[in-house]
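Encoded as structure tokens, the structure appears first; notes follow it.
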Amino acid sequence: MSKLLPMDEAVAGLVHDGDTVAIEGFTHLISFAAGHEIIRQGRRDLTLCRLTPDVIYDQMIGAGVARKLVFSWLGNPGAGSLHAIRRLVEGPGFEVEEYSHFGMVGRYAAGAAKLPFYPLRSFEGSDLPSVNPNIRTVASPFDGEEVYAVPPLNPDVTIVHAQRADVHGNTQAWGLLGCQKEAAFAARRVIVVAEEIVPESVIRADPNRVLLPGLIVDAVVHCPRGAHPSFAQGHYDRDNRFYLAWEHISRDPQRLSAWLDEWIHGTSDHAGYLAKLGEAHWDDLLPGPALSGEVDYGDHR
Amino acid sequence: MSKLLPMDEAVAGLVHDGDTVAIEGFTHLISFAAGHEIIRQGRRDLTLCRLTPDVIYDQMIGAGVARKLVFSWLGNPGAGSLHAIRRLVEGPGFEVEEYSHFGMVGRYAAGAAKLPFYPLRSFEGSDLPSVNPNIRTVASPFDGEEVYAVPPLNPDVTIVHAQRADVHGNTQAWGLLGCQKEAAFAARRVIVVAEEIVPESVIRADPNRVLLPGLIVDAVVHCPRGAHPSFAQGHYDRDNRFYLAWEHISRDPQRLSAWLDEWIHGTSDHAGYLAKLGEAHWDDLLPGPALSGEVDYGDHR
Amino acid sequence: MTFTRTETMVVAGARALEGRRVCFVGIGLPNIAVALAQRTVAPGIELIYESGVYGSRPNRLPLSIGDPCLVTGSLAVMPMAELFQYYLQGGLVDVGFLGAAQIDRRGDLNTTVIGDDYHHPKVRLPGSGGACDIAQNAREVIVLMRQSRRSFVDTVDFRTSPGSRVARVITDLGVYTVGERLELTALHPGVTLDEVRAATGWDLDLAPGVTETPPPTAEELRILREELDPERIYLR
Amino acid sequence: MTFTRTETMVVAGARALEGRRVCFVGIGLPNIAVALAQRTVAPGIELIYESGVYGSRPNRLPLSIGDPCLVTGSLAVMPMAELFQYYLQGGLVDVGFLGAAQIDRRGDLNTTVIGDDYHHPKVRLPGSGGACDIAQNAREVIVLMRQSRRSFVDTVDFRTSPGSRVARVITDLGVYTVGERLELTALHPGVTLDEVRAATGWDLDLAPGVTETPPPTAEELRILREELDPERIYLR
């Protein structure tokens, strides 16, 4: 049975006010298109989780969809700051919960593995445990050694962008994988957004390449270039000019609001956003080929 | 710098009497060739670790190389029993340490991650913790829930068979991966045995396919068909007739001893073993092709 | 049409998978029962193996749970750590399908040793493998095994896997549901109650209204004998 | 040949990697320093990034630690969980290369907040990212940062990453070794001790025999300016 849905239906059906939402992807494969649709639909009171909130969460939080942020690195990588988030964080009323990257990865991993905690070596000598009661210690039952631990994180919905999926949600990705897998397995509901929808046979030809099985996927959205301005390895490069421009847009609440009006509320969907961007925009973002080569699984019968 | 060595030199240099040794590979990619060379060189007092001791450890233990076995499933899969091991286990003096598969996987994973324990949900209501003091409980520092835990396992040497590696030890494998990665990262020394030695550029063309980085590899041995009678996905099938025959060889200590004399001590290396087997032996073990297809990493510059 | 009791057992095992989405396939007889189920009552069922494969569509009957035919054309192949953590412990497995050497009236399973002393066993069996992990993490467990006084015992010699999630036991003689304890719900064709009692090491409980297992159909037998196991590897 | 203090800092950072095998590259300036090191003193060094890449050979200067040019042609790309657990926590990283907003005399690093109250910061900084993880698990840590009274403080406002493994600090003014506390070991060309003292928020310790950093060579400057950063992204 096909799980293919348009983005607006997937978001309307699976993302609710008050949900804990993770749009993951470490610099790579960030589903901006899904974040934009969440803004268009006016969701409220979300708890947003991401290692690196990135420009997408600055846009979403600037648009007022969230009441809390769970994260580990709050910046515009290589380009500056996330001013919409900073304005809220530096003022009262907006909640933040902060870890290191490894701590966030561990939270998703414990959520995916249904464990009550995840042990790790970090935080020793850091002030982070003193401001986050969710960072504790646990003693080994073997030698008594203490390590740190973080609790599971189980989003209501995780949204994963990938290079390809079939209509059942069987999903493959290559290049940086971040903690997309852990965040998806930890979630109650999963939306996959894919550059390409491929026949199931393409997935089955290379089963070691799987990121997610359709088993855990609730909706599949076909959305080419849906990770813009982040990148999709082998498909398009990061639009770094946009990241640099965001520093200025985000710094000024009025410019931010105008940008949201023009690019998000002023477009009906990602196709509209892309049309506005124009095809020429991609001229220097498309890489040449660098093929993986094939391996032989063997027709063992 | 190349790490390529003949099997005899790799084993002579890296496997010592009294070592804890893991030859891993779950039914797939089991380095029989390395096990045979350990027999030829007359190692003694090894602690052998494997989820499924399989025919290779029955041969090694039958040949007298080990004093202890750490494992989770002791059988000849689909074919019967491992009689050489059973004779020792059912008698006095030979030490065993027994887990479930998940428990063994967790021990390697904790060893690889340098953690003092690995938490998991298993063993509740089982008698295994009552006979193995290394299976304990640990309470979550968040909600107090108790789960089970196993301690890290750090072999002195892990031996991994794979489809291909470069001379630096950068290794790729496909098909069943077992816990080869965890067992190798957990080990103090690593030997990679490969069906094919490929240029580094083949590895770098598909970096998501990596199993092990050369960083943790001490020696690379080129040994085609070195996993026989187990299999190498896409290269050759399992030699099930041998597994069935082993049931009878292993049941009789004299036949076992004669088999070791003829096939291991009577051959100087794996090339000799293969020559004795004969090329016609492979006629119905070679699969037809089933290619993975390629992905595009993109020449991002 | 004649058929063996092993065939009836495998057919009953296959039928028990109707409507299931994800089945964790244990070592031995479960392999052929799921292969039959995929071809009859459960064409959409996805199979998962402790060897690290999900969504297998084997082109032949697998000789073991690590057969290369389970890999080629599957949906996902992964390190065992991922499969045990995210699929099994993560709660994605509807039903675990296990065999055992001994079962007792509570459904506890023994695949470790025969005899009272673990350290000096009469017979050393393979051990847990993934069974203890599956028994605790699959939503429910179905057991497929041959029944005799030696395998159906009052209390297992060693509790490898807890019976807490065992929901059904299917043998070559009949079918049991398991709540607090095993209750016989169906006798296979040609099997008598006396015969079952003689093959049970405790005072047998009967479910209200014991029925007879519908015999294997001609199509089920054809698939088993011609497609799946012409060399009688599992059906011996 | 003229050169800037930022260039001297980056060159000194690159030179510090001589003889290292595996370097964990943090956000910001470390990126360009390791790129220079790969082209000069440490051609065989393997780079590892928290984004999940090992053994990168980028065809251009990466714009961030998640640039696609780090992936294509690398030796291994993996889930972050694997990288943090098996490579970093597993003890395979010789040296972690970090930046920071504040450092204090003990080498503790702050990248979280400026101001005394975490909950109402004067300035909210990015936070730990992987820094706290690297600081505890790399065998040793080198810090690369610009020096001023605002960045070199007596006690950091927030201890994001412990200084316990910080072995060396390289700034635009000089080089420090770190045992119990920072000690100045070298001044960059043209920098006076008074200038350094004025840019240090505590009573500066000097190592015995403070030397001068050898100036950037023409070749180092050529690589930086022509090959690596012609648009002055890092060298601004």
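Each chain of the structure tokens is named A, B, ... in the order shown, its residues numbered from 1; ligands are numbered from 1 in display order.
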Could you pull out the residues in range 17-59 of chain A that DSSP calls helix (DSSP H, G or I) from the backbone, as JSON, numbers by chain?
-> {"A": [32, 33, 34, 35, 36, 37, 38, 39, 40, 54, 55, 56, 57, 58, 59]}
Please produce a file of those selected residues containing all heavy atoms, as a short mmCIF file (atom, residue, chain, number, x, y, z; two decimals), in the first residue's frame.
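What landed in result_0.cif:
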data_model
loop_
_atom_site.label_atom_id
_atom_site.label_comp_id
_atom_site.auth_asym_id
_atom_site.auth_seq_id
_atom_site.Cartn_x
_atom_site.Cartn_y
_atom_site.Cartn_z
N PHE A 32 14.00 21.36 4.90
CA PHE A 32 13.46 22.72 4.95
C PHE A 32 12.02 22.74 4.45
O PHE A 32 11.16 23.45 4.99
CB PHE A 32 14.32 23.67 4.10
CG PHE A 32 15.48 24.24 4.85
CD1 PHE A 32 16.63 23.49 5.09
CD2 PHE A 32 15.45 25.54 5.35
CE1 PHE A 32 17.70 24.01 5.80
CE2 PHE A 32 16.51 26.08 6.06
CZ PHE A 32 17.64 25.31 6.29
N ALA A 33 11.73 21.96 3.41
CA ALA A 33 10.39 21.98 2.83
C ALA A 33 9.33 21.60 3.87
O ALA A 33 8.25 22.20 3.92
CB ALA A 33 10.32 21.04 1.63
N ALA A 34 9.63 20.63 4.72
CA ALA A 34 8.67 20.24 5.76
C ALA A 34 8.55 21.33 6.81
O ALA A 34 7.45 21.64 7.28
CB ALA A 34 9.09 18.91 6.40
N GLY A 35 9.69 21.91 7.18
CA GLY A 35 9.64 23.00 8.15
C GLY A 35 8.81 24.17 7.63
O GLY A 35 8.00 24.76 8.37
N HIS A 36 8.98 24.49 6.36
CA HIS A 36 8.20 25.58 5.76
C HIS A 36 6.70 25.26 5.79
O HIS A 36 5.87 26.14 6.06
CB HIS A 36 8.67 25.82 4.33
CG HIS A 36 10.06 26.38 4.27
ND1 HIS A 36 10.78 26.47 3.10
CD2 HIS A 36 10.87 26.88 5.24
CE1 HIS A 36 11.96 27.01 3.35
NE2 HIS A 36 12.05 27.27 4.64
N GLU A 37 6.35 24.01 5.50
CA GLU A 37 4.94 23.64 5.50
C GLU A 37 4.35 23.72 6.92
O GLU A 37 3.19 24.11 7.09
CB GLU A 37 4.75 22.24 4.91
CG GLU A 37 3.31 21.80 4.75
CD GLU A 37 2.45 22.73 3.90
OE1 GLU A 37 3.00 23.42 3.01
OE2 GLU A 37 1.21 22.79 4.13
N ILE A 38 5.16 23.38 7.91
CA ILE A 38 4.70 23.52 9.31
C ILE A 38 4.41 24.99 9.62
O ILE A 38 3.42 25.32 10.28
CB ILE A 38 5.74 22.91 10.27
CG1 ILE A 38 5.73 21.38 10.14
CG2 ILE A 38 5.47 23.33 11.72
CD1 ILE A 38 6.85 20.67 10.89
N ILE A 39 5.26 25.88 9.10
CA ILE A 39 5.00 27.32 9.28
C ILE A 39 3.70 27.71 8.56
O ILE A 39 2.84 28.38 9.13
CB ILE A 39 6.17 28.16 8.71
CG1 ILE A 39 7.45 27.91 9.52
CG2 ILE A 39 5.82 29.65 8.71
CD1 ILE A 39 8.70 28.55 8.91
N ARG A 40 3.56 27.26 7.30
CA ARG A 40 2.36 27.62 6.53
C ARG A 40 1.08 27.19 7.25
O ARG A 40 0.08 27.89 7.23
CB ARG A 40 2.37 26.94 5.15
CG ARG A 40 3.26 27.61 4.14
CD ARG A 40 3.01 27.07 2.71
NE ARG A 40 4.18 27.40 1.89
CZ ARG A 40 5.20 26.57 1.64
NH1 ARG A 40 5.16 25.33 2.09
NH2 ARG A 40 6.22 26.98 0.93
N ASP A 54 20.04 25.22 13.31
CA ASP A 54 20.26 25.64 11.93
C ASP A 54 19.23 26.69 11.52
O ASP A 54 18.35 27.07 12.30
CB ASP A 54 20.19 24.41 10.99
CG ASP A 54 20.92 24.60 9.67
OD1 ASP A 54 20.31 25.16 8.73
OD2 ASP A 54 22.09 24.18 9.57
N VAL A 55 19.34 27.12 10.29
CA VAL A 55 18.44 28.17 9.77
C VAL A 55 16.98 27.71 9.78
O VAL A 55 16.07 28.50 10.02
CB VAL A 55 18.91 28.58 8.36
CG1 VAL A 55 17.81 29.35 7.63
CG2 VAL A 55 20.18 29.42 8.45
N ILE A 56 16.74 26.41 9.58
CA ILE A 56 15.35 25.96 9.50
C ILE A 56 14.60 26.22 10.81
O ILE A 56 13.45 26.67 10.80
CB ILE A 56 15.24 24.47 9.08
CG1 ILE A 56 13.79 24.06 8.92
CG2 ILE A 56 15.94 23.55 10.08
CD1 ILE A 56 13.01 24.87 7.91
N TYR A 57 15.24 25.94 11.96
CA TYR A 57 14.56 26.18 13.24
C TYR A 57 14.51 27.68 13.56
O TYR A 57 13.61 28.14 14.24
CB TYR A 57 15.20 25.39 14.38
CG TYR A 57 14.75 23.94 14.45
CD1 TYR A 57 14.03 23.34 13.41
CD2 TYR A 57 15.05 23.15 15.56
CE1 TYR A 57 13.61 22.02 13.49
CE2 TYR A 57 14.65 21.83 15.64
CZ TYR A 57 13.93 21.25 14.60
OH TYR A 57 13.53 19.95 14.68
N ASP A 58 15.50 28.44 13.06
CA ASP A 58 15.43 29.89 13.24
C ASP A 58 14.20 30.43 12.51
O ASP A 58 13.47 31.28 13.02
CB ASP A 58 16.71 30.54 12.71
CG ASP A 58 17.04 31.85 13.42
OD1 ASP A 58 16.88 31.92 14.66
OD2 ASP A 58 17.46 32.81 12.75
N GLN A 59 13.96 29.90 11.32
CA GLN A 59 12.76 30.30 10.57
C GLN A 59 11.49 29.88 11.30
O GLN A 59 10.54 30.66 11.45
CB GLN A 59 12.79 29.68 9.16
CG GLN A 59 13.92 30.23 8.29
CD GLN A 59 14.06 29.51 6.94
OE1 GLN A 59 13.44 28.45 6.72
NE2 GLN A 59 14.87 30.07 6.06
#
Up to 8 Å from chain B, what residues of chain C turn up? Count only C-alpha atoms and give them as a PDB file with N, CA and C atoms, in the first residue's frame.
ATOM      1  N   GLY C  28      15.764 -23.273  12.845  1.00  0.00           N
ATOM      2  CA  GLY C  28      15.116 -24.577  12.670  1.00  0.00           C
ATOM      3  C   GLY C  28      13.757 -24.522  11.991  1.00  0.00           C
ATOM      4  N   SER C  51      20.426 -12.743  12.231  1.00  0.00           N
ATOM      5  CA  SER C  51      21.670 -12.537  11.480  1.00  0.00           C
ATOM      6  C   SER C  51      21.801 -11.115  10.967  1.00  0.00           C
ATOM      7  N   GLY C  52      20.741 -10.315  11.038  1.00  0.00           N
ATOM      8  CA  GLY C  52      20.839  -8.910  10.640  1.00  0.00           C
ATOM      9  C   GLY C  52      20.109  -8.571   9.355  1.00  0.00           C
ATOM     10  N   VAL C  53      19.067  -9.318   9.012  1.00  0.00           N
ATOM     11  CA  VAL C  53      18.315  -9.086   7.784  1.00  0.00           C
ATOM     12  C   VAL C  53      16.863  -8.797   8.102  1.00  0.00           C
ATOM     13  N   LEU C  63      18.875 -22.553   4.283  1.00  0.00           N
ATOM     14  CA  LEU C  63      19.420 -23.677   5.038  1.00  0.00           C
ATOM     15  C   LEU C  63      19.660 -23.303   6.489  1.00  0.00           C
ATOM     16  N   SER C  64      19.807 -22.002   6.727  1.00  0.00           N
ATOM     17  CA  SER C  64      19.989 -21.528   8.095  1.00  0.00           C
ATOM     18  C   SER C  64      19.509 -20.091   8.139  1.00  0.00           C
ATOM     19  N   GLY C  66      21.243 -17.686   8.467  1.00  0.00           N
ATOM     20  CA  GLY C  66      22.283 -16.815   7.921  1.00  0.00           C
ATOM     21  C   GLY C  66      22.568 -17.136   6.470  1.00  0.00           C
ATOM     22  N   ASP C  67      21.593 -17.702   5.784  1.00  0.00           N
ATOM     23  CA  ASP C  67      21.790 -18.102   4.391  1.00  0.00           C
ATOM     24  C   ASP C  67      21.897 -16.874   3.479  1.00  0.00           C
ATOM     25  N   PRO C  68      22.840 -16.878   2.510  1.00  0.00           N
ATOM     26  CA  PRO C  68      22.968 -15.700   1.624  1.00  0.00           C
ATOM     27  C   PRO C  68      21.701 -15.408   0.821  1.00  0.00           C
ATOM     28  N   VAL C  71      19.693 -12.541   2.089  1.00  0.00           N
ATOM     29  CA  VAL C  71      20.249 -11.188   1.934  1.00  0.00           C
ATOM     30  C   VAL C  71      19.890 -10.584   0.584  1.00  0.00           C
ATOM     31  N   THR C  72      20.196 -11.313  -0.479  1.00  0.00           N
ATOM     32  CA  THR C  72      19.965 -10.788  -1.827  1.00  0.00           C
ATOM     33  C   THR C  72      18.484 -10.459  -1.996  1.00  0.00           C
ATOM     34  N   VAL C  77      19.819  -4.834   5.372  1.00  0.00           N
ATOM     35  CA  VAL C  77      20.832  -5.675   6.017  1.00  0.00           C
ATOM     36  C   VAL C  77      21.655  -4.756   6.898  1.00  0.00           C
ATOM     37  N   MET C  78      21.885  -5.159   8.130  1.00  0.00           N
ATOM     38  CA  MET C  78      22.498  -4.228   9.084  1.00  0.00           C
ATOM     39  C   MET C  78      23.314  -4.979  10.118  1.00  0.00           C
ATOM     40  N   PRO C  79      24.186  -4.270  10.851  1.00  0.00           N
ATOM     41  CA  PRO C  79      24.881  -4.910  11.970  1.00  0.00           C
ATOM     42  C   PRO C  79      23.871  -5.488  12.962  1.00  0.00           C
ATOM     43  N   MET C  80      24.221  -6.614  13.581  1.00  0.00           N
ATOM     44  CA  MET C  80      23.305  -7.231  14.546  1.00  0.00           C
ATOM     45  C   MET C  80      22.956  -6.260  15.666  1.00  0.00           C
ATOM     46  N   ALA C  81      23.903  -5.392  16.029  1.00  0.00           N
ATOM     47  CA  ALA C  81      23.643  -4.434  17.106  1.00  0.00           C
ATOM     48  C   ALA C  81      22.424  -3.570  16.760  1.00  0.00           C
ATOM     49  N   PHE C  84      19.131  -5.827  16.886  1.00  0.00           N
ATOM     50  CA  PHE C  84      18.690  -6.153  18.249  1.00  0.00           C
ATOM     51  C   PHE C  84      18.225  -4.906  18.993  1.00  0.00           C
ATOM     52  N   GLN C  89      14.471  -4.839  20.356  1.00  0.00           N
ATOM     53  CA  GLN C  89      14.262  -4.155  21.642  1.00  0.00           C
ATOM     54  C   GLN C  89      13.390  -2.913  21.442  1.00  0.00           C
ATOM     55  N   TYR C 118      24.045 -27.417  35.470  1.00  0.00           N
ATOM     56  CA  TYR C 118      24.505 -26.671  34.301  1.00  0.00           C
ATOM     57  C   TYR C 118      25.981 -26.928  34.026  1.00  0.00           C
ATOM     58  N   HIS C 119      26.764 -27.044  35.080  1.00  0.00           N
ATOM     59  CA  HIS C 119      28.204 -27.158  34.882  1.00  0.00           C
ATOM     60  C   HIS C 119      28.639 -28.571  34.483  1.00  0.00           C
ATOM     61  N   HIS C 120      27.782 -29.557  34.737  1.00  0.00           N
ATOM     62  CA  HIS C 120      28.077 -30.923  34.298  1.00  0.00           C
ATOM     63  C   HIS C 120      26.835 -31.513  33.656  1.00  0.00           C
ATOM     64  N   PRO C 121      26.500 -31.029  32.477  1.00  0.00           N
ATOM     65  CA  PRO C 121      25.235 -31.412  31.844  1.00  0.00           C
ATOM     66  C   PRO C 121      25.267 -32.846  31.325  1.00  0.00           C
ATOM     67  N   LYS C 122      24.077 -33.458  31.294  1.00  0.00           N
ATOM     68  CA  LYS C 122      23.957 -34.742  30.596  1.00  0.00           C
ATOM     69  C   LYS C 122      24.113 -34.523  29.107  1.00  0.00           C
ATOM     70  N   VAL C 123      23.413 -33.515  28.619  1.00  0.00           N
ATOM     71  CA  VAL C 123      23.556 -33.149  27.211  1.00  0.00           C
ATOM     72  C   VAL C 123      23.694 -31.634  27.117  1.00  0.00           C
ATOM     73  N   ARG C 124      24.698 -31.209  26.409  1.00  0.00           N
ATOM     74  CA  ARG C 124      24.877 -29.784  26.170  1.00  0.00           C
ATOM     75  C   ARG C 124      24.139 -29.422  24.873  1.00  0.00           C
ATOM     76  N   LEU C 125      23.155 -28.529  25.003  1.00  0.00           N
ATOM     77  CA  LEU C 125      22.394 -28.047  23.841  1.00  0.00           C
ATOM     78  C   LEU C 125      23.030 -26.735  23.359  1.00  0.00           C
ATOM     79  N   PRO C 126      22.519 -26.175  22.240  1.00  0.00           N
ATOM     80  CA  PRO C 126      23.192 -24.977  21.696  1.00  0.00           C
ATOM     81  C   PRO C 126      23.180 -23.758  22.608  1.00  0.00           C
ATOM     82  N   GLY C 127      22.151 -23.581  23.430  1.00  0.00           N
ATOM     83  CA  GLY C 127      22.083 -22.368  24.244  1.00  0.00           C
ATOM     84  C   GLY C 127      21.049 -21.395  23.705  1.00  0.00           C
ATOM     85  N   SER C 128      21.147 -20.160  24.149  1.00  0.00           N
ATOM     86  CA  SER C 128      20.111 -19.185  23.822  1.00  0.00           C
ATOM     87  C   SER C 128      20.125 -18.737  22.369  1.00  0.00           C
ATOM     88  N   GLY C 129      21.309 -18.446  21.837  1.00  0.00           N
ATOM     89  CA  GLY C 129      21.298 -17.677  20.600  1.00  0.00           C
ATOM     90  C   GLY C 129      20.482 -16.427  20.854  1.00  0.00           C
ATOM     91  N   GLY C 130      19.605 -16.096  19.922  1.00  0.00           N
ATOM     92  CA  GLY C 130      18.749 -14.933  20.144  1.00  0.00           C
ATOM     93  C   GLY C 130      17.469 -15.232  20.905  1.00  0.00           C
ATOM     94  N   ALA C 131      17.243 -16.498  21.287  1.00  0.00           N
ATOM     95  CA  ALA C 131      15.931 -16.883  21.822  1.00  0.00           C
ATOM     96  C   ALA C 131      15.551 -16.095  23.066  1.00  0.00           C
ATOM     97  N   CYS C 132      16.469 -15.974  24.017  1.00  0.00           N
ATOM     98  CA  CYS C 132      16.164 -15.274  25.262  1.00  0.00           C
ATOM     99  C   CYS C 132      15.855 -13.798  24.977  1.00  0.00           C
ATOM    100  N   ASP C 133      16.543 -13.224  24.003  1.00  0.00           N
ATOM    101  CA  ASP C 133      16.312 -11.828  23.618  1.00  0.00           C
ATOM    102  C   ASP C 133      14.948 -11.667  22.947  1.00  0.00           C
ATOM    103  N   GLN C 136      11.845 -11.998  25.292  1.00  0.00           N
ATOM    104  CA  GLN C 136      11.540 -10.859  26.150  1.00  0.00           C
ATOM    105  C   GLN C 136      11.117  -9.622  25.373  1.00  0.00           C
ATOM    106  N   ASN C 137      11.379  -9.562  24.074  1.00  0.00           N
ATOM    107  CA  ASN C 137      11.157  -8.321  23.340  1.00  0.00           C
ATOM    108  C   ASN C 137      10.140  -8.387  22.200  1.00  0.00           C
ATOM    109  N   PHE C 158      16.580 -26.163  32.548  1.00  0.00           N
ATOM    110  CA  PHE C 158      17.245 -24.856  32.562  1.00  0.00           C
ATOM    111  C   PHE C 158      16.319 -23.895  31.840  1.00  0.00           C
ATOM    112  N   ARG C 159      16.054 -22.746  32.466  1.00  0.00           N
ATOM    113  CA  ARG C 159      15.163 -21.788  31.847  1.00  0.00           C
ATOM    114  C   ARG C 159      15.995 -20.840  30.984  1.00  0.00           C
ATOM    115  N   THR C 160      16.121 -21.172  29.692  1.00  0.00           N
ATOM    116  CA  THR C 160      16.892 -20.318  28.784  1.00  0.00           C
ATOM    117  C   THR C 160      16.106 -19.053  28.482  1.00  0.00           C
ATOM    118  N   SER C 161      14.816 -19.239  28.135  1.00  0.00           N
ATOM    119  CA  SER C 161      13.974 -18.121  27.712  1.00  0.00           C
ATOM    120  C   SER C 161      12.683 -18.163  28.497  1.00  0.00           C
ATOM    121  N   PRO C 162      12.282 -16.997  29.041  1.00  0.00           N
ATOM    122  CA  PRO C 162      11.066 -17.000  29.858  1.00  0.00           C
ATOM    123  C   PRO C 162       9.822 -17.202  28.997  1.00  0.00           C
TER     124      PRO C 162
END
Strand (DSSP E or B) positions in range 32-219 of chain A, given as number ranges by chain | A: 46-49, 66-71, 76, 80, 95-98, 118-120, 136-139, 146-150, 157-165, 171-172, 189-197, 210-212, 219
When the cut-off is 9 Å and we count only C-alpha atoms, which residues of chain B are near chain A, given as number ranges by chain?
-> B: 113-121, 134, 136-147, 149-151, 174-176, 202-209, 233-237, 285-301
Quick one: residues within 12 Å of range 217-227 of chain D, only C-alpha atoms counted, chain neighbours fewer than 5 positions away excluded, as a PyMOL selection string?
-> chain D and resi 1-15+31-41+59-61+232-236
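For the atom pair formed by CA of Glu18 in chain D and CA of Pro43 in chain D, the distance is 9.0 Å, given to one decimal.
By only C-alpha atoms, and with residues fewer than 4 positions from Gly201 in chain C along its chain excluded, the set lying at most 9 Å from it is Asp104, Arg105, Ser148, Arg149, Arg150, Ser151, Phe152, Val153, Asp154, Thr155 and Arg197 of chain C.
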Selection to disk with C-alpha atoms, as a JSON list (two decimals), in the first residue's frame:
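Written file, out_29.json:
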[["chain", "number", "residue", "atom", "x", "y", "z"],
["C", 104, "ASP", "CA", 7.15, -26.75, 30.59],
["C", 105, "ARG", "CA", 3.58, -26.08, 31.65],
["C", 148, "SER", "CA", 7.19, -36.01, 23.73],
["C", 149, "ARG", "CA", 7.67, -36.78, 27.43],
["C", 150, "ARG", "CA", 11.28, -35.64, 26.94],
["C", 151, "SER", "CA", 10.36, -32.26, 25.44],
["C", 152, "PHE", "CA", 7.11, -31.51, 27.34],
["C", 153, "VAL", "CA", 8.35, -31.54, 30.91],
["C", 154, "ASP", "CA", 6.88, -30.43, 34.22],
["C", 155, "THR", "CA", 9.72, -27.97, 34.82],
["C", 197, "ARG", "CA", -1.39, -37.08, 27.46]]
For Val192 in chain A, which of A:Pro129, A:Ala10, A:Ala258, A:Ile264 is the closest residue, counting only C-alpha atoms?
->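 Of all the options, A:Ala10 lies closest to Val192 in chain A.
The nearest approach to chain D among the residues C:Thr177, C:Gly115, C:Glu82, C:Val25, with only C-alpha atoms taken into account, belongs to C:Glu82.
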Hey, what's within 8 Å of range 186-189 of chain D if we count only C-alpha atoms and toss same-chain stuff fewer than 5 positions away? As a ChimeraX atom specification, please?
-> /D:5,8,172-176,210-215
Just how far from CA of Ser31 in chain A is CA of Gly55 in chain C, in Å to one decimal?
->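 Taking CA of Gly55 in chain C and CA of Ser31 in chain A, their separation equals 27.1 Å.
Closest approach to Ala165 in chain A among A:Ala110, A:Ile23, A:Val221, A:Ile216: A:Val221, based on only C-alpha atoms.
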